[in-house]
file run_34.cif (mmCIF, C-alpha atoms and all ligand atoms)
data_run
#
loop_
_atom_site.label_atom_id
_atom_site.label_comp_id
_atom_site.auth_asym_id
_atom_site.auth_seq_id
_atom_site.Cartn_x
_atom_site.Cartn_y
_atom_site.Cartn_z
CA MET F 1 -11.22 -4.61 9.93
CA PHE F 2 -12.05 -1.79 7.53
CA ASP F 3 -8.49 -1.97 6.33
CA GLU F 4 -8.77 -5.41 4.75
CA LYS F 5 -7.88 -5.83 1.11
CA PRO F 6 -10.76 -5.25 -1.29
CA ILE F 7 -12.49 -8.33 -2.64
CA VAL F 8 -14.38 -8.54 -5.90
CA ILE F 9 -17.13 -11.06 -5.72
CA SER F 10 -19.28 -12.51 -8.44
CA LYS F 11 -22.87 -11.43 -8.64
CA SER F 12 -24.47 -14.82 -8.35
CA ILE F 13 -23.78 -15.29 -4.66
CA ILE F 14 -24.65 -11.97 -3.18
CA GLN F 15 -27.64 -11.27 -1.06
CA VAL F 16 -27.84 -7.98 0.68
CA GLN F 17 -30.19 -6.95 3.37
CA LYS F 18 -30.71 -3.64 4.98
CA ASN F 19 -28.34 -3.84 7.89
CA LEU F 20 -28.70 -0.60 9.72
CA LYS F 21 -31.77 0.08 11.73
CA GLU F 22 -33.68 2.96 10.22
CA THR F 23 -32.79 6.13 12.00
CA GLU F 24 -35.38 6.44 14.72
CA LYS F 25 -38.06 8.72 13.46
CA ASN F 26 -38.70 11.31 16.09
CA GLU F 27 -41.82 13.21 15.25
CA ASP F 28 -41.56 15.47 18.26
CA ILE F 29 -38.93 18.12 18.47
CA PHE F 30 -39.67 19.50 21.88
CA GLY F 31 -38.30 22.81 23.03
CA CYS F 32 -36.23 21.06 25.70
CA ASP F 33 -34.09 19.19 23.16
CA THR F 34 -30.73 20.61 22.22
CA ASN F 35 -30.38 20.66 18.44
CA TYR F 36 -27.21 20.68 16.42
CA ARG F 37 -26.60 20.68 12.71
CA ILE F 38 -24.09 18.07 11.48
CA ILE F 39 -21.64 20.14 9.45
CA ASN F 40 -18.72 17.78 9.03
CA LYS F 41 -17.85 14.13 9.27
CA SER F 42 -14.54 12.31 8.92
CA SER F 43 -13.90 8.95 7.33
CA ILE F 44 -13.27 6.02 9.62
CA LEU F 45 -10.05 6.77 11.47
CA GLN F 46 -7.67 4.49 13.23
CA LEU F 47 -5.55 5.19 16.30
CA LYS F 48 -3.50 2.17 17.31
CA ILE F 49 -6.12 -0.59 17.27
CA GLN F 50 -9.07 1.68 17.92
CA GLN F 51 -11.42 2.71 15.11
CA PHE F 52 -13.80 5.65 15.25
CA PHE F 53 -15.03 8.65 13.30
CA LEU F 54 -15.41 12.32 14.08
CA ILE F 55 -18.38 14.59 13.52
CA GLU F 56 -18.51 18.33 13.75
CA LEU F 57 -21.69 19.82 15.19
CA LEU F 58 -22.94 23.38 15.05
CA SER F 59 -25.24 24.50 17.84
CA SER F 60 -28.11 26.94 17.34
CA ASP F 61 -25.93 29.66 18.89
CA ASN F 62 -23.13 28.94 16.38
CA GLU F 63 -20.80 27.04 18.69
CA LYS F 64 -18.85 24.22 17.02
CA TYR F 65 -18.25 20.88 18.72
CA LEU F 66 -16.03 18.09 17.44
CA VAL F 67 -17.34 14.75 18.67
CA LYS F 68 -15.64 11.34 18.53
CA ILE F 69 -17.90 8.33 17.92
CA ASP F 70 -16.57 4.82 18.54
CA ASP F 71 -19.52 2.78 17.34
CA LEU F 72 -18.90 2.26 13.63
CA ASN F 73 -22.41 0.85 13.22
CA HIS F 74 -23.59 4.44 13.33
CA PHE F 75 -21.20 5.63 10.65
CA PHE F 76 -23.78 5.82 7.88
CA GLY F 77 -26.48 7.13 10.21
CA TRP F 78 -24.69 10.45 10.74
CA LYS F 79 -25.15 12.46 7.56
CA VAL F 80 -23.78 15.92 6.91
CA LYS F 81 -26.60 18.54 6.87
CA ASP F 82 -28.92 16.39 9.01
CA SER F 83 -29.52 17.45 12.59
CA VAL F 84 -29.24 15.75 15.90
CA ALA F 85 -31.50 16.41 18.87
CA PHE F 86 -30.23 15.49 22.34
CA HIS F 87 -32.97 14.83 24.84
CA GLU F 88 -30.93 15.76 27.91
CA ASP F 89 -29.02 18.96 28.54
CA ASP F 90 -25.91 17.22 29.75
CA HIS F 91 -24.85 15.10 26.77
CA PHE F 92 -21.14 15.74 26.10
CA GLN F 93 -17.98 14.94 28.00
CA ILE F 94 -14.43 15.82 27.09
CA CYS F 95 -12.53 13.01 25.39
CA THR F 96 -8.85 13.06 26.31
CA GLU F 97 -7.40 10.03 24.53
CA ILE F 98 -6.76 11.81 21.21
CA TYR F 99 -4.68 14.63 22.71
CA ASN F 100 -0.93 14.39 22.12
CA THR F 101 -1.42 12.35 18.96
CA GLU F 102 -0.58 13.16 15.38
CA LEU F 103 -4.30 13.18 14.71
CA PHE F 104 -4.84 15.94 17.24
CA LEU F 105 -1.97 17.98 15.78
CA ASP F 106 -3.63 17.68 12.38
CA LEU F 107 -6.96 18.83 13.80
CA GLN F 108 -5.30 21.80 15.49
CA GLU F 109 -3.22 22.77 12.50
CA ASN F 110 -5.81 22.42 9.76
CA PHE F 111 -9.04 23.17 11.59
CA GLY F 112 -8.03 25.09 14.71
CA ILE F 113 -9.68 22.52 16.96
CA SER F 114 -8.56 22.47 20.59
CA GLN F 115 -11.15 20.25 22.23
CA ILE F 116 -12.77 16.93 21.38
CA PHE F 117 -15.93 15.60 22.95
CA GLU F 118 -17.67 12.26 23.36
CA ILE F 119 -21.37 11.58 23.76
CA LYS F 120 -22.10 10.52 27.33
CA GLU F 121 -23.09 6.90 27.59
CA LYS F 122 -26.55 7.67 28.96
CA ALA F 123 -27.34 10.53 26.58
CA SER F 124 -30.16 9.78 24.16
CA TYR F 125 -30.55 11.47 20.83
CA SER F 126 -32.39 11.35 17.52
CA ILE F 127 -31.03 12.14 14.11
CA LEU F 128 -33.40 14.25 12.05
CA PRO F 129 -33.22 14.44 8.24
CA CYS F 130 -32.38 17.97 7.12
CA GLU F 131 -35.67 18.70 5.30
CA MET F 132 -37.71 17.86 8.40
CA GLU F 133 -35.51 19.91 10.68
CA ASP F 134 -35.76 22.99 8.47
CA LYS F 135 -39.53 22.83 8.44
CA ARG F 136 -39.98 22.43 12.16
CA THR F 137 -37.36 24.66 13.69
CA GLY F 138 -36.53 27.04 10.88
CA MET F 139 -32.90 26.40 11.75
CA GLY F 140 -31.82 26.92 8.16
CA ILE F 141 -28.04 27.01 8.58
CA ASP F 142 -26.38 26.85 5.20
CA VAL F 143 -23.74 24.17 5.19
CA ALA F 144 -23.70 23.70 1.43
CA GLU F 145 -20.26 22.57 0.43
CA PHE F 146 -18.33 24.56 -2.08
CA ASP F 147 -16.23 22.46 -4.42
CA THR F 148 -12.98 23.85 -5.74
CA LYS F 149 -12.45 22.94 -9.38
CA ILE F 150 -9.34 20.94 -10.14
CA SER F 151 -8.56 23.46 -12.89
CA SER F 152 -8.64 26.36 -10.44
CA LEU F 153 -6.52 24.65 -7.77
CA SER F 154 -3.44 26.56 -8.93
CA SER F 155 -4.97 29.80 -7.68
CA THR F 156 -5.66 28.49 -4.17
CA LEU F 157 -3.15 28.82 -1.35
CA ASN F 158 -0.82 26.08 -0.29
CA GLY F 159 -2.06 24.43 2.88
CA GLU F 160 -5.66 25.48 2.18
CA VAL F 161 -8.40 23.01 3.09
CA VAL F 162 -10.59 22.37 0.03
CA ASN F 163 -13.43 20.15 -1.14
CA ILE F 164 -12.89 18.75 -4.57
CA ARG F 165 -14.76 16.46 -6.88
CA GLY F 166 -13.69 14.42 -9.86
CA VAL F 167 -13.48 11.11 -11.66
CA VAL F 168 -11.09 8.60 -10.11
CA SER F 169 -8.76 7.36 -12.82
CA GLU F 170 -6.27 5.39 -10.77
CA VAL F 171 -5.90 3.98 -7.27
CA ILE F 172 -2.42 2.89 -6.19
CA ASN F 173 -1.80 1.20 -2.85
CA ASP F 174 1.76 0.83 -1.65
CA ASP F 175 3.86 1.18 1.49
CA ASN F 176 3.58 4.95 1.40
CA GLY F 177 -0.22 4.81 1.64
CA THR F 178 -2.81 5.25 -1.04
CA ARG F 179 -2.55 7.52 -4.04
CA ILE F 180 -5.70 8.38 -5.93
CA VAL F 181 -5.60 10.20 -9.22
CA LEU F 182 -8.56 12.51 -9.77
CA ASN F 183 -9.47 13.89 -13.19
CA GLU F 184 -11.57 16.70 -14.45
CA ASP F 185 -11.53 16.93 -18.22
CA LEU F 186 -7.85 16.87 -19.10
CA GLN F 187 -6.66 18.09 -15.72
CA SER F 188 -5.53 15.53 -13.22
CA THR F 189 -4.51 15.84 -9.62
CA LYS F 190 -3.07 13.22 -7.38
CA LEU F 191 -4.61 12.86 -3.98
CA TYR F 192 -2.28 11.36 -1.43
CA LEU F 193 -3.66 9.67 1.62
CA ARG F 194 -1.49 9.40 4.64
CA ALA F 195 -2.32 5.98 5.97
CA CYS F 196 -1.25 6.61 9.57
CA TYR F 197 -4.79 7.17 10.83
CA ASN F 198 -6.86 7.56 7.69
CA CYS F 199 -8.12 4.20 6.44
CA PRO F 200 -7.93 4.27 2.65
CA PRO F 201 -11.43 3.92 1.25
CA LYS F 202 -11.78 0.60 -0.52
CA GLY F 203 -14.97 1.53 -2.33
CA ILE F 204 -13.06 4.14 -4.31
CA VAL F 205 -12.38 2.45 -7.62
CA PRO F 206 -11.47 3.82 -11.05
CA LYS F 207 -14.24 5.23 -13.24
CA THR F 208 -16.35 6.40 -10.31
CA ILE F 209 -17.01 9.99 -9.29
CA TRP F 210 -16.22 11.10 -5.74
CA ARG F 211 -16.06 14.24 -3.66
CA PHE F 212 -13.09 14.54 -1.33
CA CYS F 213 -14.03 16.85 1.49
CA ASN F 214 -11.44 18.61 3.67
CA VAL F 215 -8.27 17.77 1.80
CA VAL F 216 -5.24 20.08 1.87
CA LYS F 217 -3.62 21.54 -1.22
CA GLN F 218 0.14 21.02 -1.49
CA THR F 219 2.75 21.81 -4.12
CA SER F 220 5.69 19.51 -4.69
CA ARG F 221 9.29 20.65 -5.26
CA LYS F 222 8.75 20.01 -8.95
CA ASN F 223 5.74 22.35 -8.82
CA ASN F 224 3.14 19.61 -9.14
CA ILE F 225 -0.09 20.16 -7.26
CA TYR F 226 -1.30 17.32 -5.10
CA LEU F 227 -3.72 16.97 -2.23
CA SER F 228 -3.23 15.28 1.09
CA SER F 229 -5.84 14.00 3.46
CA THR F 230 -6.58 15.46 6.88
CA ALA F 231 -8.19 14.08 10.00
CA LEU F 232 -11.53 15.41 8.77
CA THR F 233 -11.25 14.14 5.21
CA ARG F 234 -14.44 12.52 4.07
CA PHE F 235 -15.17 10.59 0.87
CA GLU F 236 -18.55 11.10 -0.73
CA PHE F 237 -19.63 8.77 -3.48
CA ILE F 238 -21.33 10.80 -6.21
CA SER F 239 -21.95 8.30 -9.02
CA GLY F 240 -20.51 5.65 -11.27
CA LYS F 241 -19.46 6.63 -14.76
CA THR F 242 -21.48 5.36 -17.69
CA GLU F 243 -18.49 3.43 -18.95
CA LEU F 244 -18.25 0.21 -16.99
CA PRO F 245 -15.33 -1.95 -15.92
CA SER F 246 -14.32 -4.83 -18.16
CA LYS F 247 -16.60 -7.51 -16.73
CA GLY F 248 -20.17 -7.07 -15.62
CA GLU F 249 -21.62 -3.97 -14.08
CA LEU F 250 -20.01 -2.40 -11.08
CA VAL F 251 -22.62 -1.29 -8.56
CA PHE F 252 -22.60 0.08 -5.03
CA ILE F 253 -24.19 -1.21 -1.86
CA GLN F 254 -26.21 2.01 -1.70
CA ASP F 255 -27.81 1.20 -5.09
CA LEU F 256 -28.64 -2.34 -3.98
CA LEU F 257 -30.19 -1.12 -0.72
CA ASN F 258 -32.20 1.57 -2.48
CA GLY F 259 -33.41 -0.98 -5.00
CA THR F 260 -32.28 1.15 -7.95
CA LEU F 261 -30.18 -1.83 -9.02
CA LYS F 262 -30.87 -5.44 -8.21
CA ILE F 263 -27.69 -7.18 -9.32
CA GLY F 264 -24.10 -6.37 -10.14
CA GLU F 265 -20.53 -6.66 -9.03
CA ILE F 266 -19.46 -4.77 -5.95
CA VAL F 267 -16.05 -4.01 -4.50
CA PHE F 268 -16.21 -4.11 -0.73
CA SER F 269 -14.26 -4.59 2.43
CA VAL F 270 -15.35 -6.96 5.18
CA SER F 271 -15.92 -5.03 8.37
CA GLU F 272 -16.93 -7.98 10.49
CA ILE F 273 -17.48 -11.72 10.18
CA LEU F 274 -20.72 -12.34 12.05
CA LYS F 275 -20.98 -16.08 11.59
CA LEU F 276 -18.97 -18.77 9.88
CA SER F 277 -19.72 -22.46 9.82
CA LEU F 278 -17.85 -25.13 7.93
CA GLU F 279 -18.40 -28.85 7.83
CA TYR F 280 -17.29 -31.93 5.87
CA LEU F 281 -19.92 -34.33 4.62
CA CYS F 282 -19.43 -37.86 3.31
CA VAL F 283 -19.98 -37.75 -0.43
CA SER F 284 -21.57 -41.23 -0.45
CA CYS F 285 -24.13 -40.97 2.38
CA GLY F 286 -24.20 -37.28 3.35
CA SER F 287 -23.36 -37.94 7.02
CA SER F 288 -20.96 -35.71 8.94
CA VAL F 289 -17.26 -36.56 9.21
CA TYR F 290 -15.32 -37.00 12.45
CA ASN F 291 -11.65 -37.86 12.87
CA GLY F 292 -11.32 -38.42 9.15
CA TYR F 293 -14.15 -40.95 8.93
CA CYS F 294 -17.82 -40.90 8.02
CA THR F 295 -19.86 -40.92 11.24
CA TYR F 296 -22.48 -43.31 9.85
CA VAL F 297 -21.43 -46.76 11.06
CA GLY F 298 -23.03 -48.61 8.16
CA CYS F 299 -21.22 -46.54 5.54
CA LYS F 300 -18.59 -48.69 3.88
CA ALA F 301 -17.76 -46.22 1.11
CA PRO F 302 -14.15 -45.06 0.72
CA PRO F 303 -13.46 -41.78 2.60
CA LYS F 304 -14.42 -39.02 0.18
CA PHE F 305 -15.65 -35.80 1.71
CA GLU F 306 -17.18 -32.56 0.53
CA MET F 307 -17.00 -29.28 2.41
CA ILE F 308 -20.13 -27.23 2.95
CA GLY F 309 -20.53 -24.02 4.86
CA SER F 310 -22.12 -20.65 5.29
CA LEU F 311 -20.81 -17.23 6.14
CA GLN F 312 -22.52 -14.08 7.32
CA ALA F 313 -20.58 -10.86 7.25
CA CYS F 314 -21.01 -7.16 7.54
CA ILE F 315 -19.55 -5.47 4.48
CA SER F 316 -18.96 -1.87 3.48
CA ASP F 317 -18.02 -0.01 0.31
CA TYR F 318 -18.12 3.54 1.65
CA THR F 319 -21.51 4.15 0.13
CA ASN F 320 -23.20 2.01 2.76
CA VAL F 321 -23.05 -1.08 4.92
CA ALA F 322 -24.80 -4.37 4.14
CA PHE F 323 -25.26 -7.81 5.56
CA LEU F 324 -23.90 -10.48 3.24
CA VAL F 325 -24.67 -14.20 3.21
CA ALA F 326 -22.46 -16.62 1.29
CA LYS F 327 -23.12 -20.34 0.89
CA ASP F 328 -20.68 -21.24 -1.84
CA ILE F 329 -17.49 -22.69 -0.36
CA ASP F 330 -15.14 -21.01 -2.87
CA CYS F 331 -16.89 -17.74 -2.23
CA ILE F 332 -16.54 -18.15 1.54
CA PHE F 333 -12.79 -18.62 1.22
CA THR F 334 -12.58 -15.59 -1.07
CA ILE F 335 -14.29 -13.47 1.56
CA LEU F 336 -12.08 -14.83 4.34
CA ASN F 337 -9.16 -13.67 2.18
CA ILE F 338 -6.73 -16.22 3.62
CA SER F 339 -3.64 -17.81 2.10
CA SER F 340 -3.73 -21.26 0.48
CA LYS F 341 -1.63 -22.54 3.40
CA GLU F 342 -4.19 -21.28 5.93
CA LYS F 343 -6.93 -22.83 3.82
CA LEU F 344 -5.17 -26.20 3.92
CA GLU F 345 -4.84 -25.94 7.73
CA ILE F 346 -8.57 -25.31 8.06
CA GLU F 347 -9.31 -28.29 5.82
CA GLU F 348 -7.07 -30.55 7.95
CA ASP F 349 -8.60 -29.29 11.22
CA LEU F 350 -12.09 -29.82 9.88
CA LYS F 351 -11.46 -33.50 9.15
CA ARG F 352 -10.54 -34.00 12.81
CA ILE F 353 -13.41 -32.12 14.40
CA GLU F 354 -17.06 -32.55 13.54
CA ASP F 355 -17.88 -28.99 12.59
CA PHE F 356 -16.71 -25.46 13.01
CA THR F 357 -18.93 -22.55 13.94
CA ILE F 358 -18.00 -19.03 14.91
CA GLN F 359 -20.57 -16.53 15.93
CA ASN F 360 -21.03 -12.96 16.98
CA GLY F 361 -18.26 -10.75 15.92
CA THR F 362 -15.20 -12.89 16.63
CA LYS F 363 -12.57 -11.52 14.33
CA ILE F 364 -11.50 -13.96 11.67
CA HIS F 365 -7.76 -13.57 12.25
CA LYS F 366 -8.30 -14.72 15.83
CA ILE F 367 -10.29 -17.71 14.61
CA LEU F 368 -7.47 -18.81 12.39
CA GLN F 369 -4.84 -18.83 15.14
ZN ZN S 401 -20.77 -42.08 4.62
#
call {"tool": "encode", "arguments": {"input": "run_34.cif", "output": "structure tokens"}}
result
Amino acid sequence: MFDEKPIVISKSIIQVQKNLKETEKNEDIFGCDTNYRIINKSSILQLKIQQFFLIELLSSDNEKYLVKIDDLNHFFGWKVKDSVAFHEDDHFQICTEIYNTELFLDLQENFGISQIFEIKEKASYSILPCEMEDKRTGMGIDVAEFDTKISSLSSTLNGEVVNIRGVVSEVINDDNGTRIVLNEDLQSTKLYLRACYNCPPKGIVPKTIWRFCNVVKQTSRKNNIYLSSTALTRFEFISGKTELPSKGELVFIQDLLNGTLKIGEIVFSVSEILKLSLEYLCVSCGSSVYNGYCTYVGCKAPPKFEMIGSLQACISDYTNVAFLVAKDIDCIFTILNISSKEKLEIEEDLKRIEDFTIQNGTKIHKILQ
């Protein structure tokens, strides 16, 4: 569901809570643990209906491992430069499902990767923040990323994998995928995203500064430089620009979670609807409605009903993930992002049944069928 259309929601109805469990703090790095440095991470990728992300790990003896992770709840927990300690020796298994896909060809071509691993189901691990790891193990591997300047792109080779940073000036979504225009002073470069397996990042909006890691430099027939995404492309939010969008202040989930900002407009995508309940109440007596009538026998008022409801969802803007609660009925329908026809159908259904509750991760498009 990370590929849903972005929704802009007004500030008055947003509550965010820290959604992810704090990374387990492991104070003991015993000699028996196998430590790896996280040197690379992809965005959320899609293969058919499956969503996952990839991380690249560097072992203490400089071996690289590309690992596929299916649980998107851990997406923000894996941070480049942090380390991971596995508590058992036997923690990887070869993952075969990606082989013979376009994604695998991309990984082979751009990164020379020939094997992909998965973490064994029973393997336990802890993620250690990079400062802590350096102090305790002295495993000071330098994975500092080198950004290529947009202005010096012309001197890099075609097909070269680069990291680049700039101000987003335009985001265009069409059938051919997403095109993002990046600026640096007067220079501008278009970044093309092939949408086949790379979910376009919805948190990327104009006037914000981002780093695009692992993109490939290309030159068009007309000699224009552009960049295309790879399987290991990652989008790092750097900051918002001082100049703000037309209405209100645009903020990011990360800022709200950190408490640096308390209120503002966010652009997000809904990753999961956790709970939705809708109900009609009789405007005159407040009783519930069943089969188009007020359920209170003594109520002689003409049938006039009001819809109430609540929605809990997991939302993401590529800076972080948050838990969102909405109580306003207009707001709920905005988040559900359904057509006016579908909305009418729900309203009709609701008058027939007493109430409507969906819980625990049922996808909204299934609910509406
Ligand atoms: Zn009534």
call {"tool": "atom_distance", "arguments": {"input": "run_34.cif", "atom1": "atom CA of Gln46 of chain F", "atom2": "atom CA of Ile273 of chain F"}}
result
19.2 Å
call {"tool": "residues_around", "arguments": {"input": "run_34.cif", "residues": "segment 93-95 of chain F", "least_positions_apart": "3", "cutoff": "10 Å", "atoms": "only C-alpha atoms", "output": "list in words"}}
result
Val67, Lys68, Asp90, Ile98, Tyr99, Gln115, Ile116, Phe117, Glu118, Ile119, Lys120 and Glu121 of chain F
call {"tool": "closest_atom_pairs", "arguments": {"input": "run_34.cif", "of": "segment 175-272 of chain F", "to": "segment 320-342 of chain F", "cutoff": "10 Å", "atoms": "only C-alpha atoms", "output": "CSV"}}
result
residue,atom,partner,partner_atom,distance
F:Gly203,CA,F:Asn320,CA,9.7
F:Phe237,CA,F:Asn320,CA,9.9
F:Phe252,CA,F:Asn320,CA,8.0
F:Ile253,CA,F:Asn320,CA,5.7
F:Gln254,CA,F:Asn320,CA,5.4
F:Asp255,CA,F:Asn320,CA,9.1
F:Leu256,CA,F:Ala322,CA,9.2
F:Leu257,CA,F:Ala322,CA,8.0
F:Phe268,CA,F:Val321,CA,9.4
F:Ser269,CA,F:Ile335,CA,8.9
F:Val270,CA,F:Ile335,CA,7.5
F:Ser271,CA,F:Val321,CA,8.9
F:Glu272,CA,F:Phe323,CA,9.7
call {"tool": "residues_near_ligand", "arguments": {"input": "run_34.cif", "ligand": "ligand ZN 401 (chain S)", "cutoff": "12 Å", "atoms": "only C-alpha atoms and all ligand atoms", "output": "VMD selection string"}}
result
chain F and resid 280 to 290 292 to 306
call {"tool": "atom_distance", "arguments": {"input": "run_34.cif", "atom1": "atom CA of Val84 of chain F", "atom2": "atom CA of Ala123 of chain F"}}
result
12.0 Å
call {"tool": "atom_distance", "arguments": {"input": "run_34.cif", "atom1": "atom CA of Val80 of chain F", "atom2": "atom CA of Asn40 of chain F"}}
result
5.8 Å
call {"tool": "residues_around", "arguments": {"input": "run_34.cif", "residues": "Val162 of chain F", "least_positions_apart": "2", "cutoff": "7 Å", "atoms": "only C-alpha atoms", "output": "JSON list (two decimals) with C-alpha atoms, in the frame of the given file"}}
result
[["chain", "number", "residue", "atom", "x", "y", "z"],
["F", 148, "THR", "CA", -12.98, 23.85, -5.74],
["F", 160, "GLU", "CA", -5.66, 25.48, 2.18],
["F", 164, "ILE", "CA", -12.89, 18.75, -4.57],
["F", 213, "CYS", "CA", -14.03, 16.85, 1.49],
["F", 214, "ASN", "CA", -11.44, 18.61, 3.67],
["F", 215, "VAL", "CA", -8.27, 17.77, 1.80],
["F", 216, "VAL", "CA", -5.24, 20.08, 1.87]]
call {"tool": "residues_around", "arguments": {"input": "run_34.cif", "residues": "Asp61 of chain F", "least_positions_apart": "3", "cutoff": "10 Å", "atoms": "all atoms listed in the file", "output": "list in words"}}
result
Tyr36, Leu58 and Lys64 of chain F
call {"tool": "residues_around", "arguments": {"input": "run_34.cif", "residues": "Asn62 of chain F", "least_positions_apart": "2", "cutoff": "12 Å", "atoms": "all atoms listed in the file", "output": "list in words"}}
result
Asn35, Tyr36, Arg37, Ile38, Ile39, Glu56, Leu57, Leu58, Ser59, Ser60, Lys64, Tyr65, Met139, Ile141 and Asp142 of chain F
